[in-house]
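Note: the block below is final-v4.cif and it holds mmCIF, C-alpha atoms.
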data_target
loop_
_atom_site.group_PDB
_atom_site.id
_atom_site.type_symbol
_atom_site.label_atom_id
_atom_site.label_comp_id
_atom_site.auth_asym_id
_atom_site.auth_seq_id
_atom_site.Cartn_x
_atom_site.Cartn_y
_atom_site.Cartn_z
ATOM 1 C CA MET A 1 119.335 87.053 81.099
ATOM 2 C CA ARG A 2 116.910 89.972 80.965
ATOM 3 C CA ASN A 3 115.555 88.960 77.563
ATOM 4 C CA CYS A 4 115.810 85.246 78.090
ATOM 5 C CA PRO A 5 114.345 84.215 81.430
ATOM 6 C CA ARG A 6 114.563 80.562 82.277
ATOM 7 C CA VAL A 7 111.226 78.774 82.076
ATOM 8 C CA LYS A 8 111.462 77.651 85.693
ATOM 9 C CA ASP A 9 111.558 81.303 86.796
ATOM 10 C CA LYS A 10 108.087 81.803 85.428
ATOM 11 C CA LYS A 11 106.252 79.453 87.755
ATOM 12 C CA LYS A 12 106.149 80.247 91.427
ATOM 13 C CA SER A 13 104.525 78.372 94.277
ATOM 14 C CA ARG A 14 104.874 78.457 98.015
ATOM 15 C CA LYS A 15 103.062 76.759 100.857
ATOM 16 C CA GLY A 16 100.379 79.054 102.265
ATOM 17 C CA TYR A 17 100.167 81.156 99.111
ATOM 18 C CA ALA A 18 97.895 81.201 96.037
ATOM 19 C CA SER A 19 99.437 82.000 92.660
ATOM 20 C CA PHE A 20 98.039 83.464 89.449
ATOM 21 C CA ASP A 21 99.231 84.908 86.140
ATOM 22 C CA ALA A 22 100.744 88.354 85.743
ATOM 23 C CA VAL A 23 102.846 90.192 83.179
ATOM 24 C CA ASP A 24 106.535 89.425 83.598
ATOM 25 C CA PRO A 25 108.338 92.784 83.415
ATOM 26 C CA ARG A 26 111.478 91.112 82.063
ATOM 27 C CA ASP A 27 109.950 90.065 78.752
ATOM 28 C CA GLY A 28 106.282 91.133 78.702
ATOM 29 C CA LEU A 29 105.169 87.492 78.784
ATOM 30 C CA ARG A 30 103.619 85.774 81.800
ATOM 31 C CA TRP A 31 104.890 84.715 85.206
ATOM 32 C CA ASP A 32 103.276 83.824 88.504
ATOM 33 C CA LEU A 33 102.704 86.171 91.409
ATOM 34 C CA LEU A 34 101.672 85.033 94.878
ATOM 35 C CA VAL A 35 99.094 86.157 97.443
ATOM 36 C CA ALA A 36 99.264 84.805 100.994
ATOM 37 C CA HIS A 37 96.236 82.816 102.111
ATOM 38 C CA ARG A 38 96.411 84.780 105.379
ATOM 39 C CA THR A 39 95.921 87.985 103.331
ATOM 40 C CA ILE A 40 92.914 86.471 101.560
ATOM 41 C CA ASP A 41 91.489 85.291 104.907
ATOM 42 C CA ASP A 42 92.060 88.706 106.444
ATOM 43 C CA ILE A 43 90.325 90.579 103.628
ATOM 44 C CA GLY A 44 87.426 88.123 103.819
ATOM 45 C CA SER A 45 87.087 88.512 107.567
ATOM 46 C CA ARG A 46 86.835 92.310 107.386
ATOM 47 C CA GLN A 47 83.266 92.074 106.073
ATOM 48 C CA GLU A 48 83.875 94.688 103.373
ATOM 49 C CA PRO A 49 82.492 93.459 100.031
ATOM 50 C CA ASP A 50 84.255 96.221 98.100
ATOM 51 C CA ARG A 51 87.639 95.104 99.454
ATOM 52 C CA VAL A 52 86.865 91.472 98.709
ATOM 53 C CA LYS A 53 85.876 92.218 95.099
ATOM 54 C CA THR A 54 88.884 94.468 94.627
ATOM 55 C CA LEU A 55 91.211 91.630 95.590
ATOM 56 C CA ALA A 56 89.200 89.027 93.683
ATOM 57 C CA TYR A 57 88.953 90.926 90.385
ATOM 58 C CA LEU A 58 90.929 94.182 90.229
ATOM 59 C CA VAL A 59 94.234 92.905 91.579
ATOM 60 C CA PRO A 60 94.528 90.142 88.929
ATOM 61 C CA HIS A 61 93.369 92.612 86.267
ATOM 62 C CA GLY A 62 95.948 95.138 87.443
ATOM 63 C CA VAL A 63 98.912 92.780 87.167
ATOM 64 C CA GLN A 64 97.686 91.289 83.876
ATOM 65 C CA HIS A 65 96.960 94.626 82.121
ATOM 66 C CA PRO A 66 99.530 97.073 83.461
ATOM 67 C CA THR A 67 100.101 100.450 81.848
ATOM 68 C CA ALA A 68 103.517 100.487 83.543
ATOM 69 C CA ILE A 69 105.655 98.444 85.923
ATOM 70 C CA PHE A 70 108.153 100.199 88.164
ATOM 71 C CA GLN A 71 110.887 98.730 90.313
ATOM 72 C CA GLY A 72 112.282 100.084 93.563
ATOM 73 C CA LEU A 73 111.575 103.186 95.544
ATOM 74 C CA ARG A 74 114.208 105.906 95.470
ATOM 75 C CA ASP A 75 114.114 106.785 99.159
ATOM 76 C CA GLU A 76 113.871 103.215 100.436
ATOM 77 C CA ASP A 77 115.958 100.112 100.237
ATOM 78 C CA ASP A 78 113.149 98.447 98.320
ATOM 79 C CA ARG A 79 113.600 96.327 95.181
ATOM 80 C CA GLY A 80 109.933 95.371 94.873
ATOM 81 C CA LEU A 81 107.645 96.021 91.919
ATOM 82 C CA CYS A 82 104.720 98.355 91.430
ATOM 83 C CA TYR A 83 102.176 97.462 88.738
ATOM 84 C CA VAL A 84 100.155 100.441 87.514
ATOM 85 C CA SER A 85 96.843 100.063 85.702
ATOM 86 C CA ARG A 86 93.599 101.809 84.821
ATOM 87 C CA PRO A 87 90.837 99.249 85.408
ATOM 88 C CA PRO A 88 87.467 99.987 83.779
ATOM 89 C CA HIS A 89 85.655 100.033 87.130
ATOM 90 C CA ARG A 90 86.051 99.978 90.881
ATOM 91 C CA TYR A 91 83.989 98.542 93.730
ATOM 92 C CA ILE A 92 82.403 100.629 96.462
ATOM 93 C CA GLY A 93 80.014 100.451 99.364
ATOM 94 C CA LYS A 94 78.518 97.790 101.553
ATOM 95 C CA ALA A 95 77.374 95.761 98.555
ATOM 96 C CA GLY A 96 80.581 96.260 96.574
ATOM 97 C CA HIS A 97 78.768 97.927 93.668
ATOM 98 C CA GLN A 98 80.703 98.270 90.428
ATOM 99 C CA VAL A 99 81.141 101.916 89.382
ATOM 100 C CA PRO A 100 83.462 103.779 86.999
ATOM 101 C CA PRO A 101 86.699 104.883 88.675
ATOM 102 C CA ALA A 102 87.411 108.565 89.169
ATOM 103 C CA PRO A 103 89.109 109.811 85.973
ATOM 104 C CA ASP A 104 92.178 111.053 87.813
ATOM 105 C CA ARG A 105 93.060 107.772 89.525
ATOM 106 C CA VAL A 106 95.319 104.839 88.750
ATOM 107 C CA PHE A 107 95.321 101.471 90.484
ATOM 108 C CA LEU A 108 98.616 100.295 91.991
ATOM 109 C CA VAL A 109 99.567 96.766 93.052
ATOM 110 C CA PHE A 110 102.723 96.356 95.149
ATOM 111 C CA VAL A 111 104.792 93.196 94.918
ATOM 112 C CA SER A 112 107.701 92.174 97.168
ATOM 113 C CA PRO A 113 111.053 91.025 95.717
ATOM 114 C CA GLU A 114 109.825 87.475 96.504
ATOM 115 C CA ARG A 115 106.920 88.123 94.097
ATOM 116 C CA VAL A 116 104.277 88.336 96.821
ATOM 117 C CA ILE A 117 101.453 90.858 96.387
ATOM 118 C CA TYR A 118 101.050 92.689 99.702
ATOM 119 C CA ASN A 119 99.219 95.951 98.991
ATOM 120 C CA TRP A 120 96.954 97.518 96.371
ATOM 121 C CA ARG A 121 95.246 100.875 96.210
ATOM 122 C CA TRP A 122 94.012 103.783 94.088
ATOM 123 C CA GLU A 123 96.193 106.860 93.799
ATOM 124 C CA ALA A 124 96.095 110.142 91.913
ATOM 125 C CA CYS A 125 97.449 109.958 88.388
ATOM 126 C CA ASP A 126 100.079 112.215 86.869
ATOM 127 C CA PRO A 127 98.117 115.096 85.273
ATOM 128 C CA ALA A 128 100.446 115.008 82.242
ATOM 129 C CA GLU A 129 100.511 111.196 81.864
ATOM 130 C CA GLN A 130 97.242 109.804 83.110
ATOM 131 C CA ASP A 131 98.359 106.171 82.891
ATOM 132 C CA LEU A 132 101.037 106.792 85.523
ATOM 133 C CA PRO A 133 100.886 107.720 89.211
ATOM 134 C CA ALA A 134 101.620 111.267 90.335
ATOM 135 C CA GLY A 135 105.280 111.811 91.174
ATOM 136 C CA HIS A 136 106.447 108.630 89.447
ATOM 137 C CA ALA A 137 109.658 110.202 88.134
ATOM 138 C CA GLU A 138 110.920 111.097 91.616
ATOM 139 C CA ARG A 139 109.429 108.130 93.405
ATOM 140 C CA PHE A 140 110.617 105.030 91.586
ATOM 141 C CA ASP A 141 114.089 103.782 90.714
ATOM 142 C CA ARG A 142 113.297 102.657 87.198
ATOM 143 C CA ARG A 143 110.521 101.788 84.824
ATOM 144 C CA LEU A 144 110.584 98.215 83.518
ATOM 145 C CA LEU A 145 107.516 98.344 81.258
ATOM 146 C CA MET B 146 99.410 75.303 90.868
ATOM 147 C CA THR B 147 98.642 78.562 89.091
ATOM 148 C CA LEU B 148 95.001 79.537 89.558
ATOM 149 C CA THR B 149 92.848 80.862 86.745
ATOM 150 C CA ASN B 150 91.282 84.276 87.340
ATOM 151 C CA GLN B 151 87.960 82.570 87.899
ATOM 152 C CA ALA B 152 89.402 80.146 90.447
ATOM 153 C CA PHE B 153 91.211 82.955 92.277
ATOM 154 C CA ALA B 154 88.017 85.072 92.414
ATOM 155 C CA LYS B 155 86.122 82.047 93.707
ATOM 156 C CA LEU B 156 88.757 81.411 96.388
ATOM 157 C CA VAL B 157 88.682 85.026 97.589
ATOM 158 C CA SER B 158 84.880 85.203 97.496
ATOM 159 C CA SER B 159 84.612 81.984 99.487
ATOM 160 C CA LYS B 160 86.446 83.648 102.383
ATOM 161 C CA ALA B 161 84.140 86.660 102.503
ATOM 162 C CA LYS B 162 82.063 86.911 105.633
ATOM 163 C CA ARG B 163 78.795 88.810 105.798
ATOM 164 C CA ARG B 164 78.838 91.898 107.937
ATOM 165 C CA THR B 165 77.036 91.153 111.187
ATOM 166 C CA GLY B 166 77.614 94.409 113.060
ATOM 167 C CA PRO B 167 79.154 97.847 112.773
ATOM 168 C CA PHE B 168 82.529 98.248 111.091
ATOM 169 C CA GLN B 169 85.487 97.628 113.384
ATOM 170 C CA PRO B 170 88.757 99.500 112.754
ATOM 171 C CA VAL B 171 91.576 97.119 111.930
ATOM 172 C CA ALA B 172 95.379 97.236 111.909
ATOM 173 C CA ARG B 173 97.232 94.341 110.338
ATOM 174 C CA TYR B 174 100.907 93.619 109.953
ATOM 175 C CA ASP B 175 101.919 91.972 106.672
ATOM 176 C CA PRO B 176 105.300 90.196 106.963
ATOM 177 C CA ASP B 177 105.630 89.921 103.164
ATOM 178 C CA GLY B 178 105.552 93.682 102.755
ATOM 179 C CA ASP B 179 106.894 94.382 106.265
ATOM 180 C CA CYS B 180 104.068 96.893 106.553
ATOM 181 C CA ILE B 181 101.083 97.686 108.756
ATOM 182 C CA GLU B 182 97.800 98.596 107.128
ATOM 183 C CA PHE B 183 95.389 100.535 109.296
ATOM 184 C CA ILE B 184 91.750 100.976 108.269
ATOM 185 C CA ALA B 185 89.818 103.315 110.563
ATOM 186 C CA ARG B 186 86.671 103.666 108.446
ATOM 187 C CA PRO B 187 85.166 101.603 105.613
ATOM 188 C CA ASP B 188 84.968 104.459 103.069
ATOM 189 C CA PRO B 189 86.335 103.954 99.567
ATOM 190 C CA PHE B 190 89.712 105.674 99.623
ATOM 191 C CA TYR B 191 92.635 106.920 97.576
ATOM 192 C CA ALA B 192 96.186 106.888 98.865
ATOM 193 C CA GLU B 193 98.906 109.519 99.112
ATOM 194 C CA ARG B 194 102.455 108.689 100.138
ATOM 195 C CA ILE B 195 103.727 111.377 102.514
ATOM 196 C CA ASP B 196 107.228 109.960 103.097
ATOM 197 C CA LYS B 197 109.119 106.676 103.014
ATOM 198 C CA LEU B 198 107.366 105.511 106.183
ATOM 199 C CA VAL B 199 103.716 106.446 105.760
ATOM 200 C CA THR B 200 101.078 106.397 103.033
ATOM 201 C CA VAL B 201 97.800 108.015 104.040
ATOM 202 C CA TYR B 202 94.386 106.778 102.941
ATOM 203 C CA TYR B 203 91.834 109.563 102.298
ATOM 204 C CA SER B 204 88.098 109.060 101.918
ATOM 205 C CA GLU B 205 86.857 109.515 98.347
ATOM 206 C CA LYS B 206 83.675 110.977 99.877
ATOM 207 C CA THR B 207 85.002 113.418 102.462
ATOM 208 C CA ASN B 208 88.796 113.623 101.939
ATOM 209 C CA GLU B 209 89.225 112.808 105.627
ATOM 210 C CA ILE B 210 91.882 110.349 106.774
ATOM 211 C CA VAL B 211 90.393 106.855 106.926
ATOM 212 C CA GLY B 212 93.542 104.750 107.209
ATOM 213 C CA SER B 213 97.215 104.396 106.437
ATOM 214 C CA LEU B 214 100.038 102.094 105.469
ATOM 215 C CA ILE B 215 103.301 102.069 107.441
ATOM 216 C CA LYS B 216 106.184 100.571 105.428
ATOM 217 C CA GLY B 217 109.545 99.178 106.464
ATOM 218 C CA VAL B 218 108.259 98.473 109.964
ATOM 219 C CA SER B 219 111.129 96.242 111.162
ATOM 220 C CA ARG B 220 113.815 98.581 109.889
ATOM 221 C CA PHE B 221 112.043 101.591 111.351
ATOM 222 C CA GLN B 222 111.726 99.961 114.763
ATOM 223 C CA LYS B 223 115.409 99.032 114.801
ATOM 224 C CA GLU B 224 116.327 102.556 113.759
ATOM 225 C CA MET B 225 114.107 104.113 116.413
ATOM 226 C CA SER B 226 115.350 101.771 119.131
ATOM 227 C CA ARG B 227 118.874 102.926 118.331
ATOM 228 C CA LYS B 228 118.040 106.618 118.165
ATOM 229 C CA LEU B 229 115.459 106.619 120.951
ATOM 230 C CA PRO B 230 115.997 103.661 123.311
ATOM 231 C CA GLY B 231 112.716 104.450 125.105
ATOM 232 C CA PHE B 232 110.862 103.512 121.937
ATOM 233 C CA VAL B 233 111.167 99.788 122.777
ATOM 234 C CA ILE B 234 108.853 100.383 125.747
ATOM 235 C CA ILE B 235 105.914 100.804 123.400
ATOM 236 C CA LEU B 236 106.400 97.298 122.032
ATOM 237 C CA GLN B 237 104.504 95.017 124.334
ATOM 238 C CA ASP B 238 104.012 91.306 123.670
ATOM 239 C CA GLY B 239 104.874 91.778 120.009
ATOM 240 C CA LYS B 240 102.141 94.366 119.534
ATOM 241 C CA VAL B 241 102.623 97.920 118.420
ATOM 242 C CA ARG B 242 100.269 100.826 119.050
ATOM 243 C CA LEU B 243 99.858 102.754 115.822
ATOM 244 C CA GLU B 244 99.628 106.161 117.442
ATOM 245 C CA HIS B 245 103.070 105.520 118.929
ATOM 246 C CA SER B 246 104.483 104.553 115.543
ATOM 247 C CA PHE B 247 103.119 107.764 114.016
ATOM 248 C CA LEU B 248 104.568 109.748 116.889
ATOM 249 C CA ALA B 249 107.948 108.116 116.329
ATOM 250 C CA GLY B 250 107.615 108.847 112.603
ATOM 251 C CA LEU B 251 106.892 112.476 113.416
ATOM 252 C CA TRP B 252 109.904 112.698 115.744
ATOM 253 C CA SER B 253 112.215 111.267 113.124
ATOM 254 C CA ALA B 254 110.876 113.429 110.274
ATOM 255 C CA LYS B 255 112.983 116.452 109.416
ATOM 256 C CA THR B 256 110.168 118.912 109.047
ATOM 257 C CA ASP B 257 109.032 122.354 110.014
ATOM 258 C CA LYS B 258 106.203 122.368 112.549
ATOM 259 C CA GLU B 259 103.906 124.037 110.032
ATOM 260 C CA ASP B 260 104.807 121.482 107.374
ATOM 261 C CA LEU B 261 101.773 119.731 105.861
ATOM 262 C CA ARG B 262 103.424 116.419 106.722
ATOM 263 C CA VAL B 263 103.502 117.339 110.422
ATOM 264 C CA LEU B 264 99.825 118.206 110.328
ATOM 265 C CA THR B 265 99.082 114.895 108.608
ATOM 266 C CA TYR B 266 101.059 112.992 111.247
ATOM 267 C CA LYS B 267 99.156 114.815 113.994
ATOM 268 C CA LYS B 268 95.860 113.847 112.403
ATOM 269 C CA LEU B 269 97.014 110.232 112.028
ATOM 270 C CA ILE B 270 97.963 110.128 115.723
ATOM 271 C CA GLU B 271 94.506 111.427 116.571
ATOM 272 C CA VAL B 272 92.693 108.907 114.342
ATOM 273 C CA ALA B 273 94.799 105.981 115.589
ATOM 274 C CA GLY B 274 94.368 107.095 119.203
ATOM 275 C CA ASP B 275 90.582 107.287 118.810
ATOM 276 C CA THR B 276 90.473 103.686 117.643
ATOM 277 C CA SER B 277 93.219 102.340 119.996
ATOM 278 C CA ALA B 278 94.553 100.540 116.929
ATOM 279 C CA GLU B 279 97.406 98.108 117.429
ATOM 280 C CA ALA B 280 98.994 95.531 115.175
ATOM 281 C CA GLU B 281 100.554 92.227 116.070
ATOM 282 C CA LEU B 282 103.998 91.803 114.568
ATOM 283 C CA LEU B 283 104.401 88.385 112.956
ATOM 284 C CA THR B 284 107.338 86.878 111.161
ATOM 285 C CA ALA B 285 107.157 86.034 107.472
ATOM 286 C CA ALA B 286 106.002 82.529 106.589
ATOM 287 C CA GLY B 287 108.622 80.197 105.180
#

Would you write the structure of this file as structure tokens?
Amino acid sequence: MRNCPRVKDKKKSRKGYASFDAVDPRDGLRWDLLVAHRTIDDIGSRQEPDRVKTLAYLVPHGVQHPTAIFQGLRDEDDRGLCYVSRPPHRYIGKAGHQVPPAPDRVFLVFVSPERVIYNWRWEACDPAEQDLPAGHAERFDRRLL
Amino acid sequence: MTLTNQAFAKLVSSKAKRRTGPFQPVARYDPDGDCIEFIARPDPFYAERIDKLVTVYYSEKTNEIVGSLIKGVSRFQKEMSRKLPGFVIILQDGKVRLEHSFLAGLWSAKTDKEDLRVLTYKKLIEVAGDTSAEAELLTAAG
């Protein structure tokens, strides 16, 4: 069914979670990913504007404009997804100012097998393939996109 | 209902609280990822995965350790309780001290004492100890 996902697979909702659009690695079209309201509350309560703006803007951008999507980690029993992207900016400082990202960084968004986003962060890119994270060949099980 | 990007940004922004005092280190368990994120300092950071257990957050300004992510927490605790029964002592009222988790990670790592990973673990133990960081272990929401 890899090339023919059922329509009902695309939508996803769960009590206590917000959902928004992302690229579906099975067909390159759209599906829903979830973020727990408790995660949103927690980020809000930390009083870090850069973290708030990163979740508000960069995380959706990252899963909607991925340069790659990987599945699984080789040394873990993990079937989750990792969306890789190169957003045009990042947010820093007490005011969450928008600045260009460092040229040698990619933005990663981690998604559980239940399609819940639980972590996001900047990492070093592969020097030879700047759209991908360093060590991707050894780290991930397979590339889906 | 699927939120538009604008609606999602509005939802997240509506939860943001203004900073009223100095930054407080935070450690939070996420049941969806079965991971603990530890933020010791508010610097912008980049991450480096050192092994299957720990990803270290380094300051973009100073390259010092400013936080970490511990993955596979439940599995790791079960594994450690089996290998080192004394490990369960550090779990009190469902809370886990991060320095103890890093110490357990160091004990279970097959590394040379001069290995960079050992040095990173030592630094993590120091940073977590300085902040007395602990995370409350919750179960995943239905």

- Task: Taking the file above as input, evaluate the PyMOL selection byres ((chain A) within 7 of (chain B)) and report the hits as JSON, numbers by chain.
- Result: {"A": [13, 19, 20, 40, 41, 44, 45, 47, 52, 56, 57, 60, 75, 76, 92, 112, 116, 118, 121, 122, 123]}

- Report the distance between atom CA of Arg242 of chain B and atom CA of Ala278 of chain B in Å, rounded to one decimal place. 6.1 Å

- Task: May I have the residues at most 10 Å from (96.4, 108.7, 117.9) in the file's coordinates, counting all atoms listed in the file, as a ChimeraX atom specification?
- Result: /B:242-248,266-278

- Please identify all polymer residues within 12 Å of segment 80-82 of chain A, counting only C-alpha atoms, omitting same-chain residues fewer than 4 positions from it, and present them as a PyMOL selection string. (chain A and resi 23-26+33+59+62-63+66-74+76+106-121+132-133+136+139-145) or (chain B and resi 177-179)

- Residue nearest Glu129 of chain A - candidates A:Asp104, A:Asp50, A:Asp32, A:Asp77, atoms counted: only C-alpha atoms: A:Asp104

- How far is it from atom CA of Thr54 of chain A to atom CA of Tyr91 of chain A, in Å with one decimal? 6.4 Å

- Task: Just give me the gap between atom CA of Val218 of chain B and atom CA of Tyr174 of chain B in Å, one decimal is fine.
- Result: 8.8 Å

- Query: A:Pro49, A:Pro87, A:Pro103, A:Gly28: which is nearest Gln130 of chain A, counting all atoms listed in the file?
  - Reply: A:Pro103

- Evaluate the PyMOL selection byres ((chain A and resi 88) around 8) and report residues as a PyMOL selection string: chain A and resi 86-87+89-90+100-101

What would segment 15-39 of chain A look like with N, CA and C atoms in place, written as a PDB file, in the coordinates of the input?
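File produced: out.pdb:
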ATOM      1  N   LYS A  15     104.086  77.245  99.920  1.00  0.00           N
ATOM      2  CA  LYS A  15     103.062  76.759 100.857  1.00  0.00           C
ATOM      3  C   LYS A  15     102.418  77.950 101.565  1.00  0.00           C
ATOM      4  N   GLY A  16     101.087  77.958 101.599  1.00  0.00           N
ATOM      5  CA  GLY A  16     100.379  79.054 102.265  1.00  0.00           C
ATOM      6  C   GLY A  16     100.093  80.235 101.356  1.00  0.00           C
ATOM      7  N   TYR A  17     100.370  80.061 100.063  1.00  0.00           N
ATOM      8  CA  TYR A  17     100.167  81.156  99.111  1.00  0.00           C
ATOM      9  C   TYR A  17      99.407  80.637  97.879  1.00  0.00           C
ATOM     10  N   ALA A  18      98.553  81.501  97.318  1.00  0.00           N
ATOM     11  CA  ALA A  18      97.895  81.201  96.037  1.00  0.00           C
ATOM     12  C   ALA A  18      98.684  81.917  94.943  1.00  0.00           C
ATOM     13  N   SER A  19      98.717  81.333  93.752  1.00  0.00           N
ATOM     14  CA  SER A  19      99.437  82.000  92.660  1.00  0.00           C
ATOM     15  C   SER A  19      98.528  82.182  91.453  1.00  0.00           C
ATOM     16  N   PHE A  20      98.756  83.259  90.711  1.00  0.00           N
ATOM     17  CA  PHE A  20      98.039  83.464  89.449  1.00  0.00           C
ATOM     18  C   PHE A  20      98.926  84.233  88.487  1.00  0.00           C
ATOM     19  N   ASP A  21      98.481  84.298  87.245  1.00  0.00           N
ATOM     20  CA  ASP A  21      99.231  84.908  86.140  1.00  0.00           C
ATOM     21  C   ASP A  21      99.396  86.418  86.284  1.00  0.00           C
ATOM     22  N   ALA A  22     100.524  86.908  85.829  1.00  0.00           N
ATOM     23  CA  ALA A  22     100.744  88.354  85.743  1.00  0.00           C
ATOM     24  C   ALA A  22     101.722  88.601  84.597  1.00  0.00           C
ATOM     25  N   VAL A  23     101.850  89.849  84.198  1.00  0.00           N
ATOM     26  CA  VAL A  23     102.846  90.192  83.179  1.00  0.00           C
ATOM     27  C   VAL A  23     104.232  90.170  83.825  1.00  0.00           C
ATOM     28  N   ASP A  24     105.147  89.482  83.159  1.00  0.00           N
ATOM     29  CA  ASP A  24     106.535  89.425  83.598  1.00  0.00           C
ATOM     30  C   ASP A  24     107.262  90.656  83.048  1.00  0.00           C
ATOM     31  N   PRO A  25     107.720  91.547  83.930  1.00  0.00           N
ATOM     32  CA  PRO A  25     108.338  92.784  83.415  1.00  0.00           C
ATOM     33  C   PRO A  25     109.640  92.560  82.661  1.00  0.00           C
ATOM     34  N   ARG A  26     110.207  91.370  82.759  1.00  0.00           N
ATOM     35  CA  ARG A  26     111.478  91.112  82.063  1.00  0.00           C
ATOM     36  C   ARG A  26     111.285  90.935  80.563  1.00  0.00           C
ATOM     37  N   ASP A  27     110.132  90.354  80.179  1.00  0.00           N
ATOM     38  CA  ASP A  27     109.950  90.065  78.752  1.00  0.00           C
ATOM     39  C   ASP A  27     108.541  90.361  78.237  1.00  0.00           C
ATOM     40  N   GLY A  28     107.651  90.832  79.125  1.00  0.00           N
ATOM     41  CA  GLY A  28     106.282  91.133  78.702  1.00  0.00           C
ATOM     42  C   GLY A  28     105.411  89.906  78.569  1.00  0.00           C
ATOM     43  N   LEU A  29     105.979  88.720  78.830  1.00  0.00           N
ATOM     44  CA  LEU A  29     105.169  87.492  78.784  1.00  0.00           C
ATOM     45  C   LEU A  29     104.560  87.265  80.181  1.00  0.00           C
ATOM     46  N   ARG A  30     104.307  86.036  80.532  1.00  0.00           N
ATOM     47  CA  ARG A  30     103.619  85.774  81.800  1.00  0.00           C
ATOM     48  C   ARG A  30     104.539  85.142  82.828  1.00  0.00           C
ATOM     49  N   TRP A  31     104.284  85.436  84.095  1.00  0.00           N
ATOM     50  CA  TRP A  31     104.890  84.715  85.206  1.00  0.00           C
ATOM     51  C   TRP A  31     103.872  84.665  86.334  1.00  0.00           C
ATOM     52  N   ASP A  32     104.197  83.938  87.375  1.00  0.00           N
ATOM     53  CA  ASP A  32     103.276  83.824  88.504  1.00  0.00           C
ATOM     54  C   ASP A  32     103.606  84.851  89.579  1.00  0.00           C
ATOM     55  N   LEU A  33     102.551  85.408  90.176  1.00  0.00           N
ATOM     56  CA  LEU A  33     102.704  86.171  91.409  1.00  0.00           C
ATOM     57  C   LEU A  33     101.916  85.455  92.501  1.00  0.00           C
ATOM     58  N   LEU A  34     102.277  85.726  93.741  1.00  0.00           N
ATOM     59  CA  LEU A  34     101.672  85.033  94.878  1.00  0.00           C
ATOM     60  C   LEU A  34     100.853  85.994  95.739  1.00  0.00           C
ATOM     61  N   VAL A  35      99.829  85.443  96.387  1.00  0.00           N
ATOM     62  CA  VAL A  35      99.094  86.157  97.443  1.00  0.00           C
ATOM     63  C   VAL A  35      98.981  85.201  98.620  1.00  0.00           C
ATOM     64  N   ALA A  36      99.327  85.668  99.809  1.00  0.00           N
ATOM     65  CA  ALA A  36      99.264  84.805 100.994  1.00  0.00           C
ATOM     66  C   ALA A  36      97.816  84.456 101.325  1.00  0.00           C
ATOM     67  N   HIS A  37      97.591  83.205 101.687  1.00  0.00           N
ATOM     68  CA  HIS A  37      96.236  82.816 102.111  1.00  0.00           C
ATOM     69  C   HIS A  37      95.803  83.625 103.332  1.00  0.00           C
ATOM     70  N   ARG A  38      96.789  83.999 104.186  1.00  0.00           N
ATOM     71  CA  ARG A  38      96.411  84.780 105.379  1.00  0.00           C
ATOM     72  C   ARG A  38      95.897  86.161 104.966  1.00  0.00           C
ATOM     73  N   THR A  39      96.416  86.699 103.841  1.00  0.00           N
ATOM     74  CA  THR A  39      95.921  87.985 103.331  1.00  0.00           C
ATOM     75  C   THR A  39      94.491  87.821 102.825  1.00  0.00           C
TER      76      THR A  39
END
